[in-house]
file work-v8.tsv (TSV, C-alpha atoms)
chain	number	residue	atom	x	y	z
A	198	MET	CA	165.15	120.10	44.13
A	199	GLN	CA	163.44	116.76	44.63
A	200	ASN	CA	162.59	115.60	48.13
A	201	THR	CA	164.82	113.02	49.81
A	202	LYS	CA	163.94	110.63	52.61
A	203	VAL	CA	166.25	110.52	55.64
A	204	ALA	CA	166.31	108.22	58.66
A	205	VAL	CA	167.32	108.75	62.28
A	206	ILE	CA	168.01	105.63	64.34
A	207	GLN	CA	167.11	105.47	68.03
A	208	ALA	CA	168.49	102.25	69.50
A	209	ALA	CA	171.06	100.80	71.86
A	210	PRO	CA	174.23	99.09	70.70
A	211	ILE	CA	175.22	95.67	72.00
A	212	LEU	CA	177.15	97.26	74.83
A	213	PHE	CA	180.93	96.63	74.77
A	214	ASP	CA	180.60	94.29	71.74
A	215	VAL	CA	181.87	95.76	68.45
A	216	ASN	CA	180.96	92.94	66.08
A	217	ARG	CA	177.43	92.42	67.34
A	218	THR	CA	176.86	96.17	67.36
A	219	ILE	CA	177.89	96.37	63.71
A	220	ASP	CA	175.51	93.48	63.00
A	221	LYS	CA	172.75	95.64	64.51
A	222	ILE	CA	173.84	98.65	62.45
A	223	GLU	CA	173.50	96.53	59.32
A	224	GLN	CA	170.06	95.27	60.33
A	225	LEU	CA	168.76	98.79	61.03
A	226	THR	CA	170.40	100.29	57.94
A	227	LYS	CA	168.79	97.60	55.80
A	228	GLU	CA	165.39	98.44	57.28
A	229	ALA	CA	165.88	102.15	56.64
A	230	ALA	CA	167.12	101.55	53.08
A	231	GLN	CA	164.10	99.37	52.34
A	232	ALA	CA	161.99	102.35	53.39
A	233	GLU	CA	163.92	104.34	50.73
A	234	ALA	CA	166.02	106.46	53.10
A	235	LYS	CA	169.15	107.88	51.46
A	236	LEU	CA	170.80	109.08	54.68
A	237	VAL	CA	170.93	106.98	57.86
A	238	LEU	CA	172.16	108.54	61.11
A	239	PHE	CA	173.15	106.64	64.28
A	240	PRO	CA	173.69	108.19	67.76
A	241	GLU	CA	176.79	109.38	69.56
A	242	THR	CA	179.28	106.56	70.33
A	243	PHE	CA	176.93	103.88	69.01
A	244	ILE	CA	180.07	101.77	68.62
A	245	SER	CA	180.01	100.36	71.11
A	246	VAL	CA	178.73	102.18	74.17
A	247	TYR	CA	178.22	105.58	75.71
A	248	PRO	CA	179.42	104.51	79.20
A	249	ARG	CA	176.73	106.33	81.10
A	250	GLY	CA	176.89	105.85	84.87
A	251	LEU	CA	180.44	104.47	84.98
A	252	SER	CA	183.13	106.23	87.01
A	253	PHE	CA	186.15	104.26	85.74
A	254	GLY	CA	187.31	104.30	89.36
A	255	THR	CA	188.31	107.94	89.28
A	256	VAL	CA	188.21	110.65	91.89
A	257	VAL	CA	190.47	113.64	92.10
A	258	GLY	CA	193.91	112.34	93.00
A	259	SER	CA	193.41	108.59	92.59
A	260	ARG	CA	192.34	105.75	90.30
A	261	SER	CA	191.28	102.16	91.04
A	262	LYS	CA	192.28	98.77	89.68
A	263	ASP	CA	188.69	97.94	88.68
A	264	GLY	CA	188.42	101.31	86.98
A	265	ARG	CA	191.46	100.58	84.83
A	266	ALA	CA	190.01	97.16	83.98
A	267	THR	CA	186.74	98.83	82.94
A	268	TRP	CA	188.75	101.25	80.81
A	269	GLN	CA	190.45	98.31	79.07
A	270	LYS	CA	187.08	96.76	78.24
A	271	TYR	CA	185.88	100.11	76.95
A	272	TRP	CA	189.01	100.55	74.82
A	273	GLU	CA	188.52	97.09	73.35
A	274	SER	CA	184.96	98.01	72.33
A	275	ALA	CA	186.18	100.99	70.28
A	276	ILE	CA	187.33	100.89	66.65
A	277	ALA	CA	190.24	102.33	64.73
A	278	ILE	CA	190.02	104.10	61.38
A	279	PRO	CA	191.01	102.25	59.23
A	280	SER	CA	190.32	98.72	60.52
A	281	GLU	CA	188.36	95.59	59.65
A	282	ALA	CA	185.45	96.90	61.72
A	283	ALA	CA	185.51	100.19	59.81
A	284	ASP	CA	185.58	98.24	56.55
A	285	ARG	CA	182.35	96.57	57.62
A	286	LEU	CA	180.69	99.99	57.99
A	287	ALA	CA	181.91	100.94	54.53
A	288	GLN	CA	180.45	97.75	53.10
A	289	ILE	CA	177.09	98.39	54.78
A	290	ALA	CA	176.88	101.84	53.17
A	291	LYS	CA	177.79	100.33	49.80
A	292	THR	CA	175.44	97.35	50.05
A	293	TYR	CA	172.42	99.48	50.94
A	294	GLN	CA	173.40	102.51	48.84
A	295	VAL	CA	173.07	105.07	51.62
A	296	TYR	CA	175.06	107.80	53.25
A	297	LEU	CA	175.79	106.12	56.56
A	298	VAL	CA	176.77	108.34	59.51
A	299	VAL	CA	177.69	106.65	62.78
A	300	GLY	CA	178.89	107.88	66.16
A	301	ILE	CA	181.89	105.83	67.27
A	302	THR	CA	184.44	105.61	70.02
A	303	GLU	CA	187.62	105.88	67.97
A	304	GLN	CA	190.97	104.38	68.88
A	305	SER	CA	193.88	106.62	67.92
A	306	LYS	CA	196.40	105.11	65.52
A	307	VAL	CA	199.25	105.68	67.95
A	308	GLY	CA	198.96	105.45	71.72
A	309	GLY	CA	195.94	104.60	73.83
A	310	THR	CA	193.77	107.71	73.52
A	311	LEU	CA	190.11	107.39	72.56
A	312	TYR	CA	188.01	110.00	70.78
A	313	CYS	CA	184.29	110.54	70.45
A	314	SER	CA	183.96	110.69	66.67
A	315	LEU	CA	181.42	110.87	63.88
A	316	VAL	CA	182.19	108.99	60.64
A	317	TYR	CA	180.57	109.48	57.25
A	318	TYR	CA	180.42	106.80	54.54
A	319	ALA	CA	179.14	107.43	51.02
A	320	PRO	CA	177.03	104.95	48.99
A	321	ASP	CA	180.19	103.79	47.18
A	322	GLY	CA	181.68	102.74	50.52
A	323	GLN	CA	184.21	105.56	50.72
A	324	LEU	CA	184.94	107.27	54.03
A	325	VAL	CA	184.12	110.88	53.12
A	326	GLY	CA	184.33	112.52	56.52
A	327	LYS	CA	185.34	112.08	60.14
A	328	HIS	CA	184.94	114.53	63.00
A	329	ARG	CA	186.38	114.22	66.49
A	330	LYS	CA	184.45	115.94	69.28
A	331	VAL	CA	186.43	119.03	70.17
A	332	MET	CA	185.42	119.29	73.82
A	333	PRO	CA	184.26	116.31	75.87
A	334	THR	CA	181.84	117.35	78.60
A	335	ALA	CA	182.62	117.03	82.32
A	336	ALA	CA	183.69	113.44	83.20
A	337	GLU	CA	183.83	112.54	79.49
A	338	ARG	CA	187.28	114.17	79.59
A	339	ILE	CA	188.53	111.18	81.57
A	340	ILE	CA	187.78	108.79	78.71
A	341	TRP	CA	188.10	110.87	75.52
A	342	GLY	CA	190.74	113.15	74.11
A	343	ALA	CA	189.78	116.50	72.56
A	344	GLY	CA	189.70	116.94	68.81
A	345	ASN	CA	191.34	119.99	67.25
A	346	GLY	CA	188.42	121.22	65.14
A	347	ASP	CA	190.19	121.12	61.78
A	348	ASP	CA	187.77	118.41	60.61
A	349	LEU	CA	184.62	120.55	60.83
A	350	GLN	CA	183.80	120.15	57.15
A	351	VAL	CA	180.50	119.81	55.33
A	352	ILE	CA	180.12	117.09	52.72
A	353	GLU	CA	178.46	117.53	49.34
A	354	THR	CA	175.74	115.00	48.56
A	355	PRO	CA	173.15	114.86	45.76
A	356	PHE	CA	170.47	115.99	48.22
A	357	GLY	CA	172.34	118.69	50.14
A	358	LYS	CA	175.40	119.61	52.18
A	359	ILE	CA	175.66	117.50	55.34
A	360	GLY	CA	177.78	117.87	58.45
A	361	GLY	CA	177.36	118.05	62.18
A	362	LEU	CA	178.43	118.42	65.77
A	363	ILE	CA	178.29	115.93	68.62
A	364	CYS	CA	176.17	116.47	71.74
A	365	TRP	CA	177.21	119.60	73.68
A	366	GLU	CA	179.43	120.82	70.84
A	367	ASN	CA	176.09	122.11	69.60
A	368	TYR	CA	176.18	124.69	72.41
A	369	MET	CA	179.38	126.19	70.98
A	370	PRO	CA	178.33	129.17	68.81
A	371	MET	CA	181.57	129.40	66.84
A	372	ALA	CA	181.48	125.70	66.00
A	373	ARG	CA	177.94	126.08	64.67
A	374	MET	CA	179.00	129.13	62.71
A	375	ALA	CA	181.82	127.17	61.09
A	376	LEU	CA	179.18	124.86	59.61
A	377	TYR	CA	176.78	127.65	58.65
A	378	GLU	CA	179.56	129.41	56.76
A	379	GLN	CA	179.98	126.30	54.62
A	380	GLY	CA	176.31	126.33	53.65
A	381	ILE	CA	175.21	123.32	55.70
A	382	GLU	CA	171.74	122.09	54.74
A	383	LEU	CA	171.36	118.88	56.76
A	384	TYR	CA	172.77	119.47	60.22
A	385	LEU	CA	173.43	116.21	62.12
A	386	ALA	CA	173.39	116.28	65.92
A	387	PRO	CA	173.94	112.84	67.47
A	388	THR	CA	173.78	113.17	71.23
A	389	ALA	CA	173.60	111.54	74.66
A	390	ASP	CA	171.38	114.33	76.04
A	391	SER	CA	167.77	113.26	76.62
A	392	ARG	CA	166.63	116.31	78.58
A	393	ASP	CA	163.51	118.21	77.54
A	394	ALA	CA	165.69	121.29	76.97
A	395	TRP	CA	167.51	119.50	74.14
A	396	VAL	CA	164.38	119.75	72.00
A	397	ALA	CA	164.41	123.54	72.22
A	398	SER	CA	168.11	123.61	71.33
A	399	MET	CA	167.52	121.61	68.16
A	400	GLN	CA	164.68	123.90	67.14
A	401	HIS	CA	166.88	126.94	67.80
A	402	ILE	CA	169.69	125.55	65.62
A	403	ALA	CA	167.26	124.82	62.78
A	404	LEU	CA	165.96	128.39	62.96
A	405	GLU	CA	169.42	129.89	63.34
A	406	GLY	CA	171.01	127.96	60.49
A	407	ARG	CA	167.89	127.67	58.35
A	408	CYS	CA	168.70	124.01	57.88
A	409	TYR	CA	167.20	120.64	58.66
A	410	VAL	CA	168.40	119.27	62.00
A	411	LEU	CA	168.59	115.50	62.56
A	412	SER	CA	169.23	114.60	66.19
A	413	CYS	CA	169.45	111.04	67.47
A	414	ASN	CA	170.05	109.45	70.84
A	415	GLN	CA	170.24	105.96	72.25
A	416	TYR	CA	167.50	104.24	74.21
A	417	VAL	CA	169.37	102.28	76.89
A	418	THR	CA	168.22	100.33	79.95
A	419	LYS	CA	170.43	99.16	82.80
A	420	ASP	CA	169.93	95.48	82.03
A	421	LEU	CA	171.82	95.92	78.75
A	422	TYR	CA	175.15	96.34	80.59
A	423	PRO	CA	177.22	93.15	80.82
A	424	THR	CA	177.09	91.75	84.34
A	425	ASP	CA	180.79	90.85	84.29
A	426	LEU	CA	181.85	94.47	83.77
A	427	PRO	CA	184.52	95.30	86.41
A	428	GLY	CA	182.82	98.59	87.29
A	429	ILE	CA	179.26	97.25	87.30
A	430	LYS	CA	178.76	98.31	90.94
A	431	ASP	CA	178.71	101.91	89.73
A	432	LEU	CA	175.23	101.26	88.35
A	433	GLU	CA	173.62	100.10	91.59
A	434	ASN	CA	171.94	103.43	92.23
A	435	GLN	CA	171.25	104.27	88.60
A	436	PRO	CA	167.68	104.24	87.20
A	437	GLU	CA	166.45	101.31	85.12
A	438	THR	CA	166.16	103.58	82.09
A	439	MET	CA	169.66	104.94	81.60
A	440	CYS	CA	168.78	107.01	78.53
A	441	ARG	CA	165.24	107.60	77.30
A	442	GLY	CA	166.13	108.81	73.80
A	443	GLY	CA	164.46	111.91	72.40
A	444	SER	CA	165.48	111.62	68.73
A	445	MET	CA	163.85	114.09	66.33
A	446	ILE	CA	163.97	115.79	62.95
A	447	VAL	CA	163.35	119.54	62.67
A	448	ASP	CA	162.67	121.57	59.53
A	449	PRO	CA	164.40	124.91	58.64
A	450	LEU	CA	161.64	126.94	60.29
A	451	GLY	CA	161.96	125.11	63.59
A	452	LYS	CA	158.98	122.78	63.21
A	453	ILE	CA	159.47	119.25	64.53
A	454	ILE	CA	158.50	116.93	61.67
A	455	ALA	CA	159.45	113.61	63.31
A	456	GLY	CA	159.65	112.76	67.00
A	457	PRO	CA	160.74	113.38	69.64
A	458	LEU	CA	160.76	109.65	70.35
A	459	TYR	CA	161.07	108.52	73.98
A	460	ASP	CA	161.30	105.24	75.89
A	461	GLN	CA	161.62	102.86	72.95
A	462	GLU	CA	163.80	101.95	70.03
A	463	GLY	CA	162.65	103.08	66.62
A	464	ILE	CA	163.47	104.72	63.30
A	465	LEU	CA	162.24	108.21	62.48
A	466	TYR	CA	161.78	109.22	58.85
A	467	ALA	CA	161.24	112.55	57.14
A	468	GLU	CA	161.22	114.01	53.65
A	469	ILE	CA	163.70	116.84	53.32
A	470	SER	CA	163.42	119.52	50.63
A	471	ARG	CA	166.19	121.85	49.49
A	472	ALA	CA	163.47	124.17	48.19
A	473	GLU	CA	162.20	124.53	51.76
A	474	ILE	CA	165.70	125.61	52.83
A	475	VAL	CA	165.74	128.28	50.12
A	476	ARG	CA	162.30	129.55	51.13
A	477	SER	CA	163.29	129.70	54.80
A	478	LYS	CA	166.20	132.06	54.10
A	479	MET	CA	164.02	134.78	52.61
A	480	ASP	CA	163.88	136.65	55.90
A	481	PHE	CA	166.89	135.27	57.80
A	482	ASP	CA	170.29	134.17	56.51
A	483	VAL	CA	172.91	134.01	59.27
A	484	VAL	CA	175.80	134.15	56.78
A	485	GLY	CA	174.11	136.56	54.39
A	486	HIS	CA	171.89	139.58	54.91
A	487	TYR	CA	171.50	138.79	58.64
A	488	ARG	CA	175.23	138.45	59.29
A	489	PHE	CA	176.59	140.48	62.20
A	490	LYS	CA	179.80	142.32	61.34
A	491	ARG	CA	181.57	143.68	64.35
A	492	ASN	CA	184.32	146.26	64.31
A	493	ILE	CA	186.97	145.42	66.89
A	494	LEU	CA	188.24	148.52	68.59
A	495	THR	CA	191.76	148.55	70.02
A	496	THR	CA	193.27	151.05	72.38

call {"tool": "encode", "arguments": {"input": "work-v8.tsv", "output": "structure tokens"}}
result
Amino acid sequence: MQNTKVAVIQAAPILFDVNRTIDKIEQLTKEAAQAEAKLVLFPETFISVYPRGLSFGTVVGSRSKDGRATWQKYWESAIAIPSEAADRLAQIAKTYQVYLVVGITEQSKVGGTLYCSLVYYAPDGQLVGKHRKVMPTAAERIIWGAGNGDDLQVIETPFGKIGGLICWENYMPMARMALYEQGIELYLAPTADSRDAWVASMQHIALEGRCYVLSCNQYVTKDLYPTDLPGIKDLENQPETMCRGGSMIVDPLGKIIAGPLYDQEGILYAEISRAEIVRSKMDFDVVGHYRFKRNILTT
């Protein structure tokens, strides 16, 4: 039960640019690996943009030409699995000998639908997991399809069972329970939520699941958006700081051991201990002695 170092990346992608974003992923992964991190986590839809502030020209009952053009640019900044871009992620994991977990906008193999997905690469470069967000939130439903939940699987690693949910999926009790029932030990929560309340949610999940929680967000300013974006006028009334971050790492007893980090890019590190997970479950085990078993009565 040796300790293992993990890294959470808080940064912005090169918005709407897949190749340069993957260049940045490699740069940051290299830095984390040189610091001896064995797991490197990137935020929700880091490839290649969480399109905060954009309307895609939609209101109830109509769409606009510029909105469709913005959608095309967004679609072109997504990646398919498999693809040459995905192969680059695999190679990064292999080169730096890390478990690399990245939030992506995923192109479906057939048709034009996009998904908000989380991909997992092992140190040998193999894709060992992929999860599609099961329920996009509010206007996200315009741009992403809904996953079906059959990919909520934890992954065995030498330092613990890893898995996760994306952003407001973490507010879905049954989705969390699906991970707890598989014995998750490192719970990954990439997000676009930078509210103060998110901190409390991450601490609650750590306490509930008696697991480490790694949450990461982007730090994005308005000047990072390309000026030739068809829907750029949507941002005129948006704040200069579009997303302030808030990445953190929480231990199994709810203590924040790294972060939260706000208003800058950075890498958070922490040592995780499987022994600490065991100790934390002495008095609370949500799938063991503290499991609620309900009898369903029918009439």

call {"tool": "closest_atom_pairs", "arguments": {"input": "work-v8.tsv", "of": "segment 269-352 of chain A", "to": "segment 209-224 of chain A", "cutoff": "10 Å", "atoms": "all atoms listed in the file", "output": "tab-separated table"}}
result
residue	atom	partner	partner_atom	distance
A:Lys270	CA	A:Phe213	CA	7.1
A:Tyr271	CA	A:Phe213	CA	6.4
A:Trp272	CA	A:Phe213	CA	9.0
A:Glu273	CA	A:Phe213	CA	7.7
A:Ser274	CA	A:Phe213	CA	4.9
A:Ala275	CA	A:Val215	CA	7.0
A:Ile276	CA	A:Val215	CA	7.7
A:Ala282	CA	A:Asn216	CA	7.4
A:Ala283	CA	A:Ile219	CA	9.4
A:Arg285	CA	A:Ile219	CA	7.6
A:Leu286	CA	A:Ile219	CA	7.3
A:Gln288	CA	A:Glu223	CA	9.4
A:Ile289	CA	A:Glu223	CA	6.1
A:Ala290	CA	A:Glu223	CA	8.8
A:Thr292	CA	A:Glu223	CA	9.5
A:Tyr293	CA	A:Glu223	CA	8.9
A:Leu297	CA	A:Ile222	CA	9.7
A:Val299	CA	A:Ile222	CA	8.9

call {"tool": "residues_around", "arguments": {"input": "work-v8.tsv", "residues": "Met445 of chain A", "least_positions_apart": "4", "cutoff": "8 Å", "atoms": "all atoms listed in the file", "output": "PDB file with C-alpha atoms, in the coordinates of the input"}}
result
ATOM      1  CA  VAL A 205     167.320 108.750  62.280  1.00  0.00           C
ATOM      2  CA  LEU A 411     168.590 115.500  62.560  1.00  0.00           C
ATOM      3  CA  SER A 412     169.230 114.600  66.190  1.00  0.00           C
ATOM      4  CA  CYS A 413     169.450 111.040  67.470  1.00  0.00           C
ATOM      5  CA  ILE A 453     159.470 119.250  64.530  1.00  0.00           C
ATOM      6  CA  ILE A 454     158.500 116.930  61.670  1.00  0.00           C
ATOM      7  CA  ALA A 455     159.450 113.610  63.310  1.00  0.00           C
ATOM      8  CA  GLY A 456     159.650 112.760  67.000  1.00  0.00           C
ATOM      9  CA  PRO A 457     160.740 113.380  69.640  1.00  0.00           C
ATOM     10  CA  LEU A 458     160.760 109.650  70.350  1.00  0.00           C
ATOM     11  CA  LEU A 465     162.240 108.210  62.480  1.00  0.00           C
TER      12      LEU A 465
END

call {"tool": "atom_distance", "arguments": {"input": "work-v8.tsv", "atom1": "atom CA of Gly300 of chain A", "atom2": "atom CA of Ala372 of chain A"}}
result
18.0 Å

call {"tool": "atom_distance", "arguments": {"input": "work-v8.tsv", "atom1": "atom CA of Val483 of chain A", "atom2": "atom CA of Ile206 of chain A"}}
result
29.2 Å

call {"tool": "atom_distance", "arguments": {"input": "work-v8.tsv", "atom1": "atom CA of Ala266 of chain A", "atom2": "atom CA of Gly254 of chain A"}}
result
9.3 Å

call {"tool": "closest_residue", "arguments": {"input": "work-v8.tsv", "among": "A:Gly406, A:Gly443, A:Gly250, A:Gly346", "to": "Arg373 of chain A", "atoms": "all atoms listed in the file"}}
result
A:Gly406

call {"tool": "closest_residue", "arguments": {"input": "work-v8.tsv", "among": "A:Phe356, A:Phe481, A:Phe243, A:Tyr368", "to": "Gln199 of chain A", "atoms": "only C-alpha atoms"}}
result
A:Phe356

call {"tool": "residues_around", "arguments": {"input": "work-v8.tsv", "residues": "segment 418-425 of chain A", "least_positions_apart": "3", "cutoff": "6 Å", "atoms": "all atoms listed in the file", "output": "list in words"}}
result
Glu437, Thr438 and Met439 of chain A

call {"tool": "residues_near_point", "arguments": {"input": "work-v8.tsv", "point": "(182.2, 104.8, 55.0)", "cutoff": "8 Å", "atoms": "all atoms listed in the file", "output": "PyMOL selection string"}}
result
chain A and resi 283-284+286-288+290+296-298+316-320+322-325
